[in-house]
$ cat protein-v5.pdb   # PDB, C-alpha atoms, pLDDT in the B column
ATOM      1  CA  MET Y 968       0.000   0.000   0.000  1.00 91.00           C
ATOM      2  CA  ASP Y 969       1.217   3.486  -0.860  1.00 95.00           C
ATOM      3  CA  HIS Y 970       0.676   5.123   2.537  1.00 96.00           C
ATOM      4  CA  VAL Y 971       1.024   8.703   1.308  1.00 97.00           C
ATOM      5  CA  ALA Y 972      -1.417   8.246  -1.566  1.00 97.00           C
ATOM      6  CA  VAL Y 973      -4.012   6.334   0.471  1.00 97.00           C
ATOM      7  CA  LEU Y 974      -3.873   8.840   3.333  1.00 97.00           C
ATOM      8  CA  ALA Y 975      -4.363  11.683   0.859  1.00 97.00           C
ATOM      9  CA  LEU Y 976      -7.340   9.841  -0.669  1.00 97.00           C
ATOM     10  CA  PHE Y 977      -8.787   9.260   2.812  1.00 97.00           C
ATOM     11  CA  ASP Y 978      -8.475  12.959   3.652  1.00 98.00           C
ATOM     12  CA  ARG Y 979     -10.058  13.962   0.357  1.00 96.00           C
ATOM     13  CA  ASN Y 980     -12.943  11.454   0.437  1.00 95.00           C
ATOM     14  CA  MET Y 981     -13.734  11.079   4.120  1.00 96.00           C
ATOM     15  CA  ARG Y 982     -12.760  14.417   5.626  1.00 97.00           C
ATOM     16  CA  GLU Y 983     -12.644  17.289   3.135  1.00 97.00           C
ATOM     17  CA  GLY Y 984     -15.442  15.632   1.156  1.00 96.00           C
ATOM     18  CA  ALA Y 985     -17.309  14.388   4.236  1.00 96.00           C
ATOM     19  CA  GLN Y 986     -20.949  13.385   3.974  1.00 94.00           C
ATOM     20  CA  PRO Y 987     -23.509  13.590   6.820  1.00 94.00           C
ATOM     21  CA  ASP Y 988     -23.185  10.535   9.044  1.00 90.00           C
ATOM     22  CA  GLY Y 989     -26.913  10.052   9.484  1.00 85.00           C
ATOM     23  CA  PRO Y 990     -30.430  11.424   8.985  1.00 88.00           C
ATOM     24  CA  GLY Y 991     -30.884  14.952  10.272  1.00 88.00           C
ATOM     25  CA  ALA Y 992     -27.199  15.871  10.037  1.00 94.00           C
ATOM     26  CA  ARG Y 993     -25.653  18.315   7.591  1.00 97.00           C
ATOM     27  CA  VAL Y 994     -22.080  19.075   6.539  1.00 98.00           C
ATOM     28  CA  GLU Y 995     -20.982  22.705   6.226  1.00 98.00           C
ATOM     29  CA  ARG Y 996     -17.857  24.037   4.513  1.00 97.00           C
ATOM     30  CA  VAL Y 997     -16.740  27.346   5.940  1.00 96.00           C
ATOM     31  CA  GLY Y 998     -13.429  28.717   4.764  1.00 93.00           C
ATOM     32  CA  ARG Y 999     -10.807  26.031   5.339  1.00 96.00           C
ATOM     33  CA  VAL Y1000     -12.936  24.063   7.796  1.00 98.00           C
ATOM     34  CA  VAL Y1001     -15.433  21.242   7.225  1.00 98.00           C
ATOM     35  CA  ARG Y1002     -17.844  20.587  10.089  1.00 98.00           C
ATOM     36  CA  GLN Y1003     -20.933  18.535  10.806  1.00 98.00           C
ATOM     37  CA  VAL Y1004     -24.011  19.888  12.532  1.00 98.00           C
ATOM     38  CA  ALA Y1005     -26.509  17.396  13.906  1.00 94.00           C
ATOM     39  CA  ALA Y1006     -29.535  17.220  16.147  1.00 84.00           C
ATOM     40  CA  GLU Y1007     -29.491  16.496  19.871  1.00 78.00           C
ATOM     41  CA  HIS Y1008     -28.408  12.858  19.628  1.00 83.00           C
ATOM     42  CA  GLY Y1009     -26.104  13.287  16.620  1.00 90.00           C
ATOM     43  CA  TRP Y1010     -22.384  13.967  16.355  1.00 95.00           C
ATOM     44  CA  ASN Y1011     -21.296  17.603  16.088  1.00 97.00           C
ATOM     45  CA  GLY Y1012     -17.785  18.547  15.178  1.00 98.00           C
ATOM     46  CA  VAL Y1013     -14.949  19.470  12.839  1.00 98.00           C
ATOM     47  CA  VAL Y1014     -13.870  16.662  10.513  1.00 98.00           C
ATOM     48  CA  TRP Y1015     -11.252  18.483   8.417  1.00 98.00           C
ATOM     49  CA  SER Y1016      -9.263  21.678   8.352  1.00 98.00           C
ATOM     50  CA  ASP Y1017      -6.482  23.151   6.246  1.00 97.00           C
ATOM     51  CA  LEU Y1018      -4.949  25.781   8.483  1.00 98.00           C
ATOM     52  CA  ASP Y1019      -1.604  27.418   9.121  1.00 98.00           C
ATOM     53  CA  GLU Y1020      -0.038  29.326  11.992  1.00 97.00           C
ATOM     54  CA  ALA Y1021      -1.652  32.573  10.866  1.00 97.00           C
ATOM     55  CA  SER Y1022      -5.209  31.240  10.495  1.00 97.00           C
ATOM     56  CA  ALA Y1023      -5.526  28.491  13.141  1.00 98.00           C
ATOM     57  CA  ASP Y1024      -6.457  30.490  16.234  1.00 98.00           C
ATOM     58  CA  ARG Y1025      -9.093  32.514  14.391  1.00 98.00           C
ATOM     59  CA  ALA Y1026     -10.649  29.354  12.899  1.00 98.00           C
ATOM     60  CA  ILE Y1027     -10.742  27.710  16.318  1.00 98.00           C
ATOM     61  CA  ALA Y1028     -12.444  30.757  17.850  1.00 98.00           C
ATOM     62  CA  GLU Y1029     -14.993  30.822  15.020  1.00 98.00           C
ATOM     63  CA  GLN Y1030     -15.966  27.196  15.585  1.00 98.00           C
ATOM     64  CA  ILE Y1031     -16.292  27.734  19.338  1.00 98.00           C
ATOM     65  CA  ALA Y1032     -18.542  30.745  18.748  1.00 98.00           C
ATOM     66  CA  TYR Y1033     -20.659  28.886  16.193  1.00 98.00           C
ATOM     67  CA  TYR Y1034     -21.367  25.780  18.263  1.00 97.00           C
ATOM     68  CA  THR Y1035     -21.774  27.837  21.430  1.00 97.00           C
ATOM     69  CA  ARG Y1036     -24.570  29.794  19.741  1.00 97.00           C
ATOM     70  CA  LEU Y1037     -26.209  26.453  19.002  1.00 95.00           C
ATOM     71  CA  GLY Y1038     -25.697  25.359  22.605  1.00 95.00           C
ATOM     72  CA  ARG Y1039     -23.955  22.159  21.535  1.00 95.00           C
ATOM     73  CA  GLU Y1040     -20.899  20.292  22.667  1.00 96.00           C
ATOM     74  CA  PHE Y1041     -18.646  19.521  19.719  1.00 98.00           C
ATOM     75  CA  GLU Y1042     -15.528  17.595  18.829  1.00 98.00           C
ATOM     76  CA  TRP Y1043     -12.544  18.663  16.771  1.00 98.00           C
ATOM     77  CA  LYS Y1044     -11.337  15.390  15.265  1.00 98.00           C
ATOM     78  CA  LEU Y1045      -7.597  15.991  15.137  1.00 98.00           C
ATOM     79  CA  TYR Y1046      -5.191  13.852  13.100  1.00 98.00           C
ATOM     80  CA  GLY Y1047      -1.456  13.583  13.614  1.00 97.00           C
ATOM     81  CA  HIS Y1048      -0.697  14.913  10.133  1.00 97.00           C
ATOM     82  CA  ASP Y1049      -2.943  17.986  10.426  1.00 98.00           C
ATOM     83  CA  LEU Y1050      -1.386  21.440  10.228  1.00 98.00           C
ATOM     84  CA  PRO Y1051      -0.169  23.529  11.842  1.00 98.00           C
ATOM     85  CA  VAL Y1052       1.942  21.042  13.777  1.00 98.00           C
ATOM     86  CA  ASP Y1053       0.886  22.609  17.091  1.00 98.00           C
ATOM     87  CA  LEU Y1054      -2.853  22.495  16.315  1.00 98.00           C
ATOM     88  CA  GLY Y1055      -3.482  20.191  19.280  1.00 98.00           C
ATOM     89  CA  GLU Y1056      -1.758  22.613  21.644  1.00 98.00           C
ATOM     90  CA  ARG Y1057      -3.829  25.476  20.257  1.00 98.00           C
ATOM     91  CA  LEU Y1058      -7.059  23.519  20.751  1.00 98.00           C
ATOM     92  CA  ARG Y1059      -6.187  22.696  24.345  1.00 98.00           C
ATOM     93  CA  ALA Y1060      -5.247  26.316  25.034  1.00 98.00           C
ATOM     94  CA  ALA Y1061      -8.689  27.328  23.711  1.00 98.00           C
ATOM     95  CA  GLY Y1062     -10.456  25.059  26.193  1.00 98.00           C
ATOM     96  CA  PHE Y1063     -10.785  21.739  24.386  1.00 98.00           C
ATOM     97  CA  ALA Y1064     -10.404  18.559  26.425  1.00 98.00           C
ATOM     98  CA  PRO Y1065      -8.318  15.887  24.669  1.00 98.00           C
ATOM     99  CA  GLY Y1066      -9.433  12.265  24.594  1.00 96.00           C
ATOM    100  CA  PRO Y1067      -7.300   9.153  24.219  1.00 95.00           C
ATOM    101  CA  GLU Y1068      -5.209   8.749  21.084  1.00 97.00           C
ATOM    102  CA  GLU Y1069      -6.175   6.097  18.547  1.00 97.00           C
ATOM    103  CA  THR Y1070      -4.384   4.828  15.454  1.00 98.00           C
ATOM    104  CA  LEU Y1071      -5.902   5.425  12.018  1.00 98.00           C
ATOM    105  CA  MET Y1072      -5.518   2.044  10.322  1.00 98.00           C
ATOM    106  CA  ILE Y1073      -6.477   1.279   6.740  1.00 97.00           C
ATOM    107  CA  ALA Y1074      -6.466  -1.938   4.740  1.00 97.00           C
ATOM    108  CA  GLU Y1075      -7.090  -2.762   1.122  1.00 96.00           C
ATOM    109  CA  VAL Y1076      -9.869  -5.334   1.305  1.00 93.00           C
ATOM    110  CA  ALA Y1077      -8.215  -7.543  -1.304  1.00 87.00           C
ATOM    111  CA  ASP Y1078      -5.185  -7.953   0.986  1.00 89.00           C
ATOM    112  CA  LEU Y1079      -7.109  -8.964   4.110  1.00 89.00           C
ATOM    113  CA  THR Y1080      -7.394 -12.379   5.687  1.00 81.00           C
ATOM    114  CA  LEU Y1081     -11.126 -13.011   5.445  1.00 84.00           C
ATOM    115  CA  ASP Y1082     -11.446 -16.739   6.192  1.00 86.00           C
ATOM    116  CA  VAL Y1083     -11.907 -16.120   9.921  1.00 88.00           C
ATOM    117  CA  GLN Y1084     -14.957 -17.728  11.474  1.00 90.00           C
ATOM    118  CA  PRO Y1085     -16.608 -17.112  14.866  1.00 94.00           C
ATOM    119  CA  PRO Y1086     -15.208 -19.232  17.714  1.00 94.00           C
ATOM    120  CA  GLU Y1087     -17.127 -22.336  18.708  1.00 94.00           C
ATOM    121  CA  GLY Y1088     -20.427 -21.547  20.427  1.00 95.00           C
ATOM    122  CA  ILE Y1089     -20.681 -18.033  18.962  1.00 97.00           C
ATOM    123  CA  ARG Y1090     -23.122 -17.002  16.251  1.00 96.00           C
ATOM    124  CA  PHE Y1091     -23.557 -13.668  14.523  1.00 97.00           C
ATOM    125  CA  LEU Y1092     -26.963 -11.993  14.349  1.00 97.00           C
ATOM    126  CA  PRO Y1093     -27.533  -9.245  11.745  1.00 97.00           C
ATOM    127  CA  VAL Y1094     -29.112  -6.112  13.253  1.00 97.00           C
ATOM    128  CA  THR Y1095     -32.171  -4.930  11.336  1.00 95.00           C
ATOM    129  CA  ASP Y1096     -34.665  -3.630  13.918  1.00 95.00           C
ATOM    130  CA  GLN Y1097     -35.058  -1.921  17.282  1.00 94.00           C
ATOM    131  CA  ALA Y1098     -34.497  -5.142  19.214  1.00 95.00           C
ATOM    132  CA  GLY Y1099     -31.140  -5.580  17.506  1.00 95.00           C
ATOM    133  CA  VAL Y1100     -30.216  -1.934  18.121  1.00 96.00           C
ATOM    134  CA  ASP Y1101     -30.928  -2.421  21.830  1.00 96.00           C
ATOM    135  CA  LEU Y1102     -28.624  -5.455  21.895  1.00 95.00           C
ATOM    136  CA  VAL Y1103     -25.809  -3.474  20.256  1.00 96.00           C
ATOM    137  CA  ALA Y1104     -26.227  -0.578  22.676  1.00 94.00           C
ATOM    138  CA  ASP Y1105     -26.406  -2.838  25.716  1.00 94.00           C
ATOM    139  CA  VAL Y1106     -23.218  -4.661  24.699  1.00 95.00           C
ATOM    140  CA  HIS Y1107     -21.376  -1.382  24.163  1.00 94.00           C
ATOM    141  CA  GLU Y1108     -22.394  -0.076  27.568  1.00 93.00           C
ATOM    142  CA  LYS Y1109     -21.033  -3.233  29.196  1.00 93.00           C
ATOM    143  CA  ALA Y1110     -17.892  -3.349  27.048  1.00 92.00           C
ATOM    144  CA  PHE Y1111     -16.890   0.317  27.189  1.00 90.00           C
ATOM    145  CA  GLY Y1112     -18.628   1.542  30.350  1.00 89.00           C
ATOM    146  CA  THR Y1113     -20.158   4.481  28.482  1.00 87.00           C
ATOM    147  CA  ASP Y1114     -23.686   5.708  27.878  1.00 88.00           C
ATOM    148  CA  SER Y1115     -25.092   4.464  24.545  1.00 90.00           C
ATOM    149  CA  THR Y1116     -28.015   6.855  24.145  1.00 89.00           C
ATOM    150  CA  ARG Y1117     -26.468   8.535  21.108  1.00 89.00           C
ATOM    151  CA  LEU Y1118     -25.624   5.173  19.523  1.00 91.00           C
ATOM    152  CA  ARG Y1119     -29.199   3.935  19.994  1.00 93.00           C
ATOM    153  CA  HIS Y1120     -30.687   6.963  18.243  1.00 90.00           C
ATOM    154  CA  GLN Y1121     -28.125   7.108  15.418  1.00 91.00           C
ATOM    155  CA  LEU Y1122     -28.196   3.407  14.584  1.00 94.00           C
ATOM    156  CA  ARG Y1123     -31.992   3.228  14.728  1.00 94.00           C
ATOM    157  CA  ALA Y1124     -32.284   6.272  12.426  1.00 91.00           C
ATOM    158  CA  ARG Y1125     -29.814   4.886   9.885  1.00 92.00           C
ATOM    159  CA  LEU Y1126     -31.469   1.478   9.760  1.00 95.00           C
ATOM    160  CA  ARG Y1127     -34.836   3.166   9.268  1.00 94.00           C
ATOM    161  CA  ASP Y1128     -33.909   5.922   6.806  1.00 93.00           C
ATOM    162  CA  GLU Y1129     -30.584   4.880   5.212  1.00 92.00           C
ATOM    163  CA  PRO Y1130     -30.296   1.093   5.617  1.00 93.00           C
ATOM    164  CA  ASP Y1131     -27.792   0.761   2.765  1.00 92.00           C
ATOM    165  CA  THR Y1132     -25.222   2.843   4.669  1.00 94.00           C
ATOM    166  CA  VAL Y1133     -24.741   0.639   7.727  1.00 96.00           C
ATOM    167  CA  VAL Y1134     -24.076  -2.998   8.604  1.00 97.00           C
ATOM    168  CA  ALA Y1135     -24.467  -3.936  12.262  1.00 97.00           C
ATOM    169  CA  VAL Y1136     -24.028  -7.318  13.917  1.00 97.00           C
ATOM    170  CA  VAL Y1137     -24.288  -8.837  17.396  1.00 98.00           C
ATOM    171  CA  ALA Y1138     -22.315 -11.871  18.558  1.00 97.00           C
ATOM    172  CA  LEU Y1139     -24.370 -14.262  20.687  1.00 97.00           C
ATOM    173  CA  ALA Y1140     -23.260 -17.025  23.010  1.00 96.00           C
ATOM    174  CA  GLY Y1141     -26.498 -18.977  23.103  1.00 94.00           C
ATOM    175  CA  ASP Y1142     -28.958 -16.148  23.681  1.00 92.00           C
ATOM    176  CA  GLU Y1143     -26.471 -13.913  25.509  1.00 95.00           C
ATOM    177  CA  PRO Y1144     -25.108 -10.921  23.561  1.00 97.00           C
ATOM    178  CA  VAL Y1145     -21.360 -10.795  24.181  1.00 97.00           C
ATOM    179  CA  SER Y1146     -19.993  -8.550  21.419  1.00 97.00           C
ATOM    180  CA  ALA Y1147     -21.247  -6.115  18.794  1.00 97.00           C
ATOM    181  CA  ALA Y1148     -19.904  -4.029  15.934  1.00 96.00           C
ATOM    182  CA  ARG Y1149     -20.979  -2.013  12.929  1.00 97.00           C
ATOM    183  CA  MET Y1150     -19.672  -0.844   9.568  1.00 97.00           C
ATOM    184  CA  GLU Y1151     -20.587   2.530   8.098  1.00 95.00           C
ATOM    185  CA  LEU Y1152     -20.604   2.801   4.308  1.00 94.00           C
ATOM    186  CA  VAL Y1153     -20.004   6.067   2.485  1.00 90.00           C
ATOM    187  CA  PRO Y1154     -21.614   6.015  -0.977  1.00 89.00           C
ATOM    188  CA  GLY Y1155     -19.483   7.400  -3.781  1.00 91.00           C
ATOM    189  CA  THR Y1156     -16.197   6.705  -1.983  1.00 94.00           C
ATOM    190  CA  ARG Y1157     -13.872   3.721  -1.781  1.00 94.00           C
ATOM    191  CA  PHE Y1158     -13.946   3.607   2.018  1.00 96.00           C
ATOM    192  CA  ALA Y1159     -16.042   1.788   4.593  1.00 96.00           C
ATOM    193  CA  GLY Y1160     -15.455   2.431   8.285  1.00 96.00           C
ATOM    194  CA  LEU Y1161     -15.396  -0.152  11.051  1.00 96.00           C
ATOM    195  CA  TRP Y1162     -16.791   1.087  14.374  1.00 95.00           C
ATOM    196  CA  GLY Y1163     -17.609  -0.404  17.745  1.00 88.00           C
ATOM    197  CA  GLY Y1164     -16.149  -3.851  18.016  1.00 87.00           C
ATOM    198  CA  GLY Y1165     -16.865  -4.015  21.748  1.00 92.00           C
ATOM    199  CA  THR Y1166     -16.718  -7.326  23.622  1.00 95.00           C
ATOM    200  CA  VAL Y1167     -17.828  -7.765  27.224  1.00 96.00           C
ATOM    201  CA  GLU Y1168     -14.882  -8.482  29.485  1.00 94.00           C
ATOM    202  CA  ALA Y1169     -15.592 -12.135  30.266  1.00 94.00           C
ATOM    203  CA  TRP Y1170     -15.559 -13.003  26.549  1.00 95.00           C
ATOM    204  CA  ARG Y1171     -12.415 -11.189  25.451  1.00 94.00           C
ATOM    205  CA  GLY Y1172      -9.403 -13.009  24.109  1.00 92.00           C
ATOM    206  CA  ARG Y1173     -11.402 -15.721  22.318  1.00 93.00           C
ATOM    207  CA  GLY Y1174     -11.222 -14.384  18.765  1.00 93.00           C
ATOM    208  CA  ILE Y1175     -14.669 -12.764  18.588  1.00 95.00           C
ATOM    209  CA  TYR Y1176     -13.377  -9.303  17.660  1.00 93.00           C
ATOM    210  CA  ARG Y1177     -11.160 -10.755  14.928  1.00 92.00           C
ATOM    211  CA  ALA Y1178     -14.092 -12.689  13.480  1.00 94.00           C
ATOM    212  CA  LEU Y1179     -16.295  -9.576  13.545  1.00 95.00           C
ATOM    213  CA  VAL Y1180     -13.687  -7.655  11.548  1.00 93.00           C
ATOM    214  CA  ALA Y1181     -13.548 -10.406   8.941  1.00 92.00           C
ATOM    215  CA  HIS Y1182     -17.356 -10.617   8.836  1.00 94.00           C
ATOM    216  CA  ARG Y1183     -17.664  -6.917   8.074  1.00 94.00           C
ATOM    217  CA  ALA Y1184     -14.793  -7.023   5.593  1.00 93.00           C
ATOM    218  CA  ARG Y1185     -16.636  -9.686   3.594  1.00 93.00           C
ATOM    219  CA  ALA Y1186     -19.704  -7.427   3.598  1.00 94.00           C
ATOM    220  CA  ALA Y1187     -17.562  -4.562   2.273  1.00 95.00           C
ATOM    221  CA  VAL Y1188     -16.294  -6.778  -0.555  1.00 93.00           C
ATOM    222  CA  GLU Y1189     -19.861  -7.690  -1.494  1.00 93.00           C
ATOM    223  CA  ARG Y1190     -20.732  -3.987  -1.695  1.00 94.00           C
ATOM    224  CA  GLY Y1191     -17.738  -3.057  -3.825  1.00 94.00           C
ATOM    225  CA  TYR Y1192     -15.636  -1.080  -1.330  1.00 96.00           C
ATOM    226  CA  ARG Y1193     -11.852  -1.102  -1.748  1.00 96.00           C
ATOM    227  CA  TYR Y1194     -10.618   0.131   1.642  1.00 97.00           C
ATOM    228  CA  LEU Y1195     -11.559  -0.416   5.278  1.00 97.00           C
ATOM    229  CA  GLN Y1196     -10.758   2.229   7.876  1.00 97.00           C
ATOM    230  CA  VAL Y1197     -10.550   1.842  11.663  1.00 96.00           C
ATOM    231  CA  ASP Y1198      -9.738   4.200  14.522  1.00 97.00           C
ATOM    232  CA  ALA Y1199      -7.975   1.541  16.580  1.00 95.00           C
ATOM    233  CA  MET Y1200      -7.403   1.489  20.298  1.00 92.00           C
ATOM    234  CA  ALA Y1201      -4.136   0.019  21.558  1.00 92.00           C
ATOM    235  CA  THR Y1202      -5.884  -3.274  22.380  1.00 88.00           C
ATOM    236  CA  SER Y1203      -7.228  -3.635  18.836  1.00 90.00           C
ATOM    237  CA  ARG Y1204      -4.171  -2.588  16.845  1.00 93.00           C
ATOM    238  CA  PRO Y1205      -2.231  -5.903  17.086  1.00 93.00           C
ATOM    239  CA  ILE Y1206      -5.283  -7.889  15.972  1.00 88.00           C
ATOM    240  CA  LEU Y1207      -5.882  -5.574  13.039  1.00 92.00           C
ATOM    241  CA  GLU Y1208      -2.230  -5.709  11.996  1.00 93.00           C
ATOM    242  CA  ARG Y1209      -2.372  -9.511  11.911  1.00 89.00           C
ATOM    243  CA  LEU Y1210      -5.409  -9.274   9.649  1.00 89.00           C
ATOM    244  CA  GLY Y1211      -3.609  -6.943   7.242  1.00 91.00           C
ATOM    245  CA  PHE Y1212      -4.372  -3.385   8.410  1.00 95.00           C
ATOM    246  CA  GLU Y1213      -1.594  -0.778   8.331  1.00 97.00           C
ATOM    247  CA  PRO Y1214      -1.192   2.313  10.559  1.00 97.00           C
ATOM    248  CA  LEU Y1215      -1.287   5.583   8.624  1.00 98.00           C
ATOM    249  CA  SER Y1216      -1.765   8.299  11.246  1.00 98.00           C
ATOM    250  CA  ILE Y1217      -2.880   9.088  14.785  1.00 98.00           C
ATOM    251  CA  THR Y1218      -6.271  10.552  15.635  1.00 98.00           C
ATOM    252  CA  GLN Y1219      -7.324  12.182  18.880  1.00 98.00           C
ATOM    253  CA  PRO Y1220     -10.687  13.735  19.759  1.00 98.00           C
ATOM    254  CA  HIS Y1221     -10.699  17.193  21.320  1.00 98.00           C
ATOM    255  CA  VAL Y1222     -14.052  18.074  22.869  1.00 98.00           C
ATOM    256  CA  TYR Y1223     -15.391  21.535  23.685  1.00 98.00           C
ATOM    257  CA  GLN Y1224     -18.307  22.073  26.043  1.00 96.00           C
ATOM    258  CA  PRO Y1225     -19.995  25.500  25.830  1.00 91.00           C
TER     259      PRO Y1225
END
$ encode --input "protein-v5.pdb" --output "C-alpha cells"
Amino acid sequence: MDHVAVLALFDRNMREGAQPDGPGARVERVGRVVRQVAAEHGWNGVVWSDLDEASADRAIAEQIAYYTRLGREFEWKLYGHDLPVDLGERLRAAGFAPGPEETLMIAEVADLTLDVQPPEGIRFLPVTDQAGVDLVADVHEKAFGTDSTRLRHQLRARLRDEPDTVVAVVALAGDEPVSAARMELVPGTRFAGLWGGGTVEAWRGRGIYRALVAHRARAAVERGYRYLQVDAMATSRPILERLGFEPLSITQPHVYQP
C-alpha cells in the first residue's frame, strides 16, 4: 500500500469531502474548515481543516462561537498529520479537552485475511430492527462503560432511513449478547469504516473481535468497497495488523463544552 497516496485519498474522500453521518445531520464548509451539525443525539464537530499558523487560532475561535450559539458540545477530530503542527496545543489552550489517542488504520480489502470464522459456540446476528439496536447498545455499555443513548438513536435512524449505509451485527453465546460491531458505508467513496467492536470483558481473548472484523470485511467486498478504515485502540491494533491493516496516522478527539 502506498501510505502517502491512500492517506491523501482518505483525507479527500472522508474528511474534506465528508458526507452527513446520518439522517438529520448536515455538513458545512466554511473557509478552510469542514464541520458537521446534527440534532441532539447526533455527532457535532470538525472533521477536516487546512490551516496554518496565521489562520488556526481565528478558525478555532470561530468554531467555538458557532457551536456555542447552538448550545452544543462539539468535537474537533484531530489527526497527527494535520497542520499547523501545534494544532493540538492550540485547541487545548482554547479550552478543548483531549481524549485518548487512537491509530488510524487502513487496509485494502483484497489484501485482508477473510477466512476467519466465529469461535465455537458463537453465532452472529444481523441487526435490522429496534431489538437488535438495543442489543448493540447494551453490549457497548457493558464493554466500554459508556452511555449508549447517542448510539441507539443514530443506529436506529440509519437502519430506518438509510439502511444501505450501515451494517451492524451482534455476537451471541447462546442467547447472551457478548460482542457487537458495525460498519458505516459512504456512498461514492472507496472507504467503509469499522466502528464499535466491543466485547464484554468475560468473553475477550477468544477471537470474537477478529471474526467480527472479517465478517464486516466480507460485507464490504460484497458492496464493492476497496478500503476499510478503523480508529484503533491500543488493544485492537495488534489484531488488526495480523489481519492486514496498516497504521497511517494518529487521531485524537478534542471536545469543547460551551
$ atom_distance --input "protein-v5.pdb" --atom1 "CA of Asp1105 (chain Y)" --atom2 "CA of Gly1088 (chain Y)"
20.3 Å
$ residues_around --input "protein-v5.pdb" --residues "region 1207-1215 of chain Y" --least-positions-apart "4" --cutoff "8 Å" --atoms "all atoms listed in the file" --output "ChimeraX atom specification"
/Y:970,974,1070-1075,1078-1080,1177,1203
$ resolve_selection --input "protein-v5.pdb" --expression "the PyMOL selection byres ((chain Y and resi 1054) around 9)" --output "PyMOL selection string"
chain Y and resi 1018-1020+1023-1024+1045+1049-1053+1055-1059
$ residues_around --input "protein-v5.pdb" --residues "region 1000-1011 of chain Y" --least-positions-apart "5" --cutoff "8 Å" --atoms "only C-alpha atoms" --output "PyMOL selection string"
chain Y and resi 982-983+985+987+989+991-995+1016-1017+1026+1039-1042+1116-1117+1120-1121
$ closest_residue --input "protein-v5.pdb" --among "Y:Gly1038, Y:Gly1165, Y:Pro1085, Y:Pro1220" --to "Val1106 (chain Y)" --atoms "all atoms listed in the file"
Y:Gly1165
$ resolve_selection --input "protein-v5.pdb" --expression "the PyMOL selection byres ((chain Y and resi 1140) around 12)" --output "number ranges by chain"
Y: 1085-1092, 1137-1139, 1141-1147, 1166-1167, 1169-1170, 1173, 1175
$ atom_distance --input "protein-v5.pdb" --atom1 "CA of Arg1119 (chain Y)" --atom2 "CA of Leu1102 (chain Y)"
9.6 Å
$ closest_residue --input "protein-v5.pdb" --among "Y:Arg1190, Y:Arg1025, Y:Asp1101, Y:Glu1069" --to "Arg1204 (chain Y)" --atoms "all atoms listed in the file"
Y:Glu1069
$ decode --input "protein-v5.pdb" --residues "region 990-1001 of chain Y" --atoms "N, CA, C and O atoms" --output "mmCIF file, in the first residue's frame"
data_model
loop_
_atom_site.group_PDB
_atom_site.id
_atom_site.type_symbol
_atom_site.label_atom_id
_atom_site.label_comp_id
_atom_site.auth_asym_id
_atom_site.auth_seq_id
_atom_site.Cartn_x
_atom_site.Cartn_y
_atom_site.Cartn_z
ATOM 1 N N PRO Y 990 -29.280 10.558 9.239
ATOM 2 C CA PRO Y 990 -30.430 11.424 8.985
ATOM 3 C C PRO Y 990 -30.448 12.619 9.946
ATOM 4 O O PRO Y 990 -30.125 12.485 11.126
ATOM 5 N N GLY Y 991 -30.786 13.762 9.429
ATOM 6 C CA GLY Y 991 -30.884 14.952 10.272
ATOM 7 C C GLY Y 991 -29.588 15.706 10.451
ATOM 8 O O GLY Y 991 -29.585 16.785 11.065
ATOM 9 N N ALA Y 992 -28.485 15.175 9.935
ATOM 10 C CA ALA Y 992 -27.199 15.871 10.037
ATOM 11 C C ALA Y 992 -26.907 16.580 8.721
ATOM 12 O O ALA Y 992 -27.395 16.198 7.663
ATOM 13 N N ARG Y 993 -26.090 17.616 8.798
ATOM 14 C CA ARG Y 993 -25.653 18.315 7.591
ATOM 15 C C ARG Y 993 -24.168 18.644 7.719
ATOM 16 O O ARG Y 993 -23.641 18.814 8.818
ATOM 17 N N VAL Y 994 -23.497 18.714 6.583
ATOM 18 C CA VAL Y 994 -22.080 19.075 6.539
ATOM 19 C C VAL Y 994 -21.964 20.484 5.968
ATOM 20 O O VAL Y 994 -22.572 20.802 4.941
ATOM 21 N N GLU Y 995 -21.191 21.319 6.651
ATOM 22 C CA GLU Y 995 -20.982 22.705 6.226
ATOM 23 C C GLU Y 995 -19.501 22.932 5.938
ATOM 24 O O GLU Y 995 -18.632 22.453 6.679
ATOM 25 N N ARG Y 996 -19.226 23.671 4.885
ATOM 26 C CA ARG Y 996 -17.857 24.037 4.513
ATOM 27 C C ARG Y 996 -17.706 25.542 4.646
ATOM 28 O O ARG Y 996 -18.330 26.303 3.903
ATOM 29 N N VAL Y 997 -16.908 25.937 5.625
ATOM 30 C CA VAL Y 997 -16.740 27.346 5.940
ATOM 31 C C VAL Y 997 -15.249 27.663 5.907
ATOM 32 O O VAL Y 997 -14.484 27.219 6.766
ATOM 33 N N GLY Y 998 -14.845 28.432 4.899
ATOM 34 C CA GLY Y 998 -13.429 28.717 4.764
ATOM 35 C C GLY Y 998 -12.640 27.438 4.573
ATOM 36 O O GLY Y 998 -12.939 26.626 3.696
ATOM 37 N N ARG Y 999 -11.652 27.223 5.431
ATOM 38 C CA ARG Y 999 -10.807 26.031 5.339
ATOM 39 C C ARG Y 999 -11.177 25.009 6.402
ATOM 40 O O ARG Y 999 -10.339 24.231 6.860
ATOM 41 N N VAL Y 1000 -12.447 24.986 6.771
ATOM 42 C CA VAL Y 1000 -12.936 24.063 7.796
ATOM 43 C C VAL Y 1000 -14.169 23.345 7.271
ATOM 44 O O VAL Y 1000 -15.029 23.945 6.633
ATOM 45 N N VAL Y 1001 -14.238 22.035 7.528
ATOM 46 C CA VAL Y 1001 -15.433 21.242 7.225
ATOM 47 C C VAL Y 1001 -15.979 20.715 8.550
ATOM 48 O O VAL Y 1001 -15.239 20.090 9.322
#
